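Down below is the structure, laid out as C-alpha cells.
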Amino acid sequence: MAWSARVWGLVAWLPLAWACAGASAQQPDGGLLHVLRQVNETTNRRYVQVEELANRWSAPDELRASGQGDCEDFAIAKYFALLEAGIPVRRLRIGYALVQLGGGELWRPHMVLAYLGSDEDAASQPLILDSLISEIRPASRRPDLRLVFTFGLDGLWAGVDGQRLGAAEDRLDAWRGVLERMAPAPH
C-alpha cells in the first residue's frame, strides 16, 4: 500500500493536545524535546503497562479504550501522536529491540520508539522513547538496549540505520493489522 498519501487521514483523529501541550514540533531543539518528552511521559503515565498476552499490536484508539497495553502498543501510540504533532515520518521509527533486565544475562524482546536526528548532523544518535523509563536518552546511553530492526510508515530497516528491507506492512503482519484497523472506513 502507498501510505504516504493516507498518513494524515490515519492520524487526523489523534488529539494534538495529547502530543504537544502547546509546543510546536517545528521549534528549535527545546520545542522538539518538549514535544518528545510530553508524548513519552503522557503515554507512560496515562496507560497501564501489562505483559503481552497475545501477539496483537493495538492501534492508538484501542490502547486508549482499554487503558492498558504492552510495549508495542505504547511505541505505536507515541509514533502516531508525534506524527500528528508535526514530526516528519522520516524522523520516527518503531524499534524492535532486545532489552537487558536487571543488569543480568537475560535479554528479552521489547519495543521502543526512536527519533532520528537531522540530516545535517550525521553523528547524532537516535533518541529512544521507552515505556520502561521516562527519561529520553540517546541510543548510545542505552547499553541495555539492542535495536534489531526498525520500521514505520515509510519502510523497514535492519537496525536503526541499516539496509532498507522494504515496506513494513509487507513483512510485519501485526503492523499491517494496526494500519488496517486505523484506515478510514470507505464512504
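Residue names in the C-alpha cells use chain letters A, B, ... in the order shown, residue numbers from 1 in each chain, and ligand numbers from 1 in the order shown.
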Fewer than 2 positions away in the same chain doesn't count, so skip those; otherwise give me all residues within 12 Å of segment 143-146 of chain A, counting only C-alpha atoms, as a tab-separated table (two decimals) with N, CA and C atoms, in the first residue's frame.
```
chain	number	residue	atom	x	y	z
A	95	GLY	N	11.03	0.62	17.01
A	95	GLY	CA	12.16	-0.30	17.04
A	95	GLY	C	11.87	-1.58	17.81
A	96	TYR	N	12.07	-2.70	17.14
A	96	TYR	CA	12.05	-3.99	17.81
A	96	TYR	C	13.44	-4.17	18.39
A	97	ALA	N	13.51	-4.41	19.69
A	97	ALA	CA	14.79	-4.47	20.37
A	97	ALA	C	14.85	-5.66	21.32
A	98	LEU	N	16.04	-5.88	21.82
A	98	LEU	CA	16.25	-6.77	22.95
A	98	LEU	C	16.68	-5.88	24.09
A	99	VAL	N	16.06	-6.07	25.26
A	99	VAL	CA	16.39	-5.27	26.43
A	99	VAL	C	16.93	-6.19	27.51
A	100	GLN	N	17.98	-5.71	28.18
A	100	GLN	CA	18.60	-6.45	29.27
A	100	GLN	C	17.95	-6.00	30.57
A	101	LEU	N	17.42	-6.93	31.29
A	101	LEU	CA	16.72	-6.61	32.53
A	101	LEU	C	17.60	-6.87	33.74
A	102	GLY	N	17.64	-5.89	34.63
A	102	GLY	CA	18.35	-6.05	35.89
A	102	GLY	C	19.85	-6.23	35.78
A	103	GLY	N	20.44	-5.86	34.66
A	103	GLY	CA	21.88	-5.96	34.50
A	103	GLY	C	22.39	-7.38	34.38
A	104	GLY	N	21.49	-8.33	34.26
A	104	GLY	CA	21.88	-9.74	34.17
A	104	GLY	C	22.12	-10.18	32.74
A	105	GLU	N	22.11	-11.47	32.55
A	105	GLU	CA	22.35	-12.06	31.23
A	105	GLU	C	21.07	-12.24	30.42
A	106	LEU	N	19.93	-11.98	31.04
A	106	LEU	CA	18.66	-12.19	30.36
A	106	LEU	C	18.32	-11.00	29.46
A	107	TRP	N	18.13	-11.27	28.18
A	107	TRP	CA	17.69	-10.27	27.21
A	107	TRP	C	16.31	-10.72	26.72
A	108	ARG	N	15.36	-9.79	26.70
A	108	ARG	CA	14.03	-10.17	26.25
A	108	ARG	C	13.55	-9.20	25.18
A	109	PRO	N	12.61	-9.62	24.34
A	109	PRO	CA	12.08	-8.74	23.30
A	109	PRO	C	11.39	-7.52	23.90
A	110	HIS	N	11.52	-6.41	23.22
A	110	HIS	CA	10.95	-5.15	23.69
A	110	HIS	C	10.75	-4.23	22.49
A	111	MET	N	9.85	-3.27	22.60
A	111	MET	CA	9.59	-2.32	21.52
A	111	MET	C	9.71	-0.91	22.07
A	112	VAL	N	10.38	-0.04	21.31
A	112	VAL	CA	10.59	1.35	21.67
A	112	VAL	C	10.31	2.23	20.45
A	113	LEU	N	10.36	3.53	20.66
A	113	LEU	CA	10.26	4.47	19.55
A	113	LEU	C	11.59	5.21	19.46
A	114	ALA	N	12.11	5.35	18.25
A	114	ALA	CA	13.36	6.07	18.03
A	114	ALA	C	13.07	7.34	17.23
A	128	ILE	N	15.76	7.61	22.22
A	128	ILE	CA	14.89	6.47	22.50
A	128	ILE	C	13.79	6.88	23.46
A	129	LEU	N	12.54	6.68	23.03
A	129	LEU	CA	11.36	6.87	23.87
A	129	LEU	C	10.90	5.47	24.27
A	130	ASP	N	10.84	5.22	25.56
A	130	ASP	CA	10.65	3.86	26.06
A	130	ASP	C	9.53	3.83	27.10
A	132	LEU	N	9.56	1.70	29.52
A	132	LEU	CA	10.16	1.24	30.77
A	132	LEU	C	10.75	2.37	31.58
A	133	ILE	N	11.21	3.44	30.91
A	133	ILE	CA	11.79	4.59	31.61
A	133	ILE	C	11.24	5.87	31.01
A	137	ARG	N	16.66	9.10	26.22
A	137	ARG	CA	18.12	9.04	26.15
A	137	ARG	C	18.56	8.72	24.73
A	138	PRO	N	19.77	9.20	24.36
A	138	PRO	CA	20.34	8.77	23.08
A	138	PRO	C	20.60	7.26	23.13
A	139	ALA	N	20.55	6.63	21.98
A	139	ALA	CA	20.78	5.19	21.92
A	139	ALA	C	22.13	4.81	22.52
A	140	SER	N	23.11	5.68	22.38
A	140	SER	CA	24.45	5.40	22.93
A	140	SER	C	24.44	5.33	24.46
A	141	ARG	N	23.41	5.89	25.10
A	141	ARG	CA	23.30	5.84	26.56
A	141	ARG	C	22.30	4.76	27.00
A	148	VAL	N	17.14	-4.35	16.90
A	148	VAL	CA	17.28	-5.40	15.91
A	148	VAL	C	16.80	-4.91	14.55
A	149	PHE	N	15.59	-4.35	14.51
A	149	PHE	CA	15.08	-3.72	13.29
A	149	PHE	C	14.16	-2.58	13.67
A	150	THR	N	13.98	-1.66	12.73
A	150	THR	CA	13.09	-0.52	12.95
A	150	THR	C	12.15	-0.41	11.76
A	158	ALA	N	17.06	-2.82	8.80
A	158	ALA	CA	17.89	-3.59	9.72
A	158	ALA	C	18.48	-2.59	10.71
A	159	GLY	N	18.31	-2.83	12.00
A	159	GLY	CA	18.79	-1.88	12.99
A	159	GLY	C	18.10	-0.54	12.83
A	160	VAL	N	18.83	0.53	13.15
A	160	VAL	CA	18.26	1.87	13.02
A	160	VAL	C	18.69	2.52	11.72
```
Polymer residues at most 10 Å from Trp157 of chain A, only C-alpha atoms, same-chain spacing of 4 or more positions, as an MDAnalysis selection string: chainID A and resid 93 95 148:152 161:168
Segment 72-79 of chain A surroundings by only C-alpha atoms, 9 Å radius, close-in-sequence under 2 positions cut, as an MDAnalysis selection string: chainID A and resid 19 36 39:40 43:44 47 49 52 56:64 68:70 81:84 89 92:96 110:114 129:131 152 178
Quick one, how far is atom CA of Arg181 of chain A from atom CA of Cys71 of chain A?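 Straight-line distance from atom CA of Arg181 of chain A to atom CA of Cys71 of chain A works out to 18.7 Å.
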Just list the residues in segment 37-133 of chain A DSSP gives alpha helix (DSSP H) on the backbone, as number ranges by chain. A: 37-46, 60-66, 71-84
Long-range neighbours of Arg37 of chain A as a PDB file with C-alpha atoms, in the first residue's frame, 9 Å cut-off, only C-alpha atoms, 2 positions minimum in chain:
```pdb
ATOM      1  CA  CYS A  20       2.337  18.642  22.365  1.00  0.00           C
ATOM      2  CA  LEU A  32      11.133  19.469  19.834  1.00  0.00           C
ATOM      3  CA  LEU A  33      12.490  17.929  23.025  1.00  0.00           C
ATOM      4  CA  HIS A  34       9.476  19.272  24.908  1.00  0.00           C
ATOM      5  CA  VAL A  35       7.131  17.554  22.451  1.00  0.00           C
ATOM      6  CA  VAL A  39       4.326  12.408  24.427  1.00  0.00           C
ATOM      7  CA  ASN A  40       6.631   9.910  26.147  1.00  0.00           C
ATOM      8  CA  GLU A  41       5.678  10.891  29.697  1.00  0.00           C
ATOM      9  CA  THR A  42       1.966  11.308  28.996  1.00  0.00           C
ATOM     10  CA  LEU A 129      11.359   6.871  23.870  1.00  0.00           C
ATOM     11  CA  SER A 134      10.503   8.148  31.339  1.00  0.00           C
ATOM     12  CA  GLU A 135      13.839   9.769  30.515  1.00  0.00           C
ATOM     13  CA  ILE A 136      14.529  10.098  26.797  1.00  0.00           C
TER      14      ILE A 136
END
```
What is the distance between atom CA of Gly155 of chain A and atom CA of Gln38 of chain A, in Å to one decimal?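 Computing it gives 25.8 Å between the two atoms.
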What is the distance, in Å and to one decimal place, between atom CA of Ala85 of chain A and atom CA of Asp173 of chain A?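 Computing it gives 26.5 Å between the two atoms.
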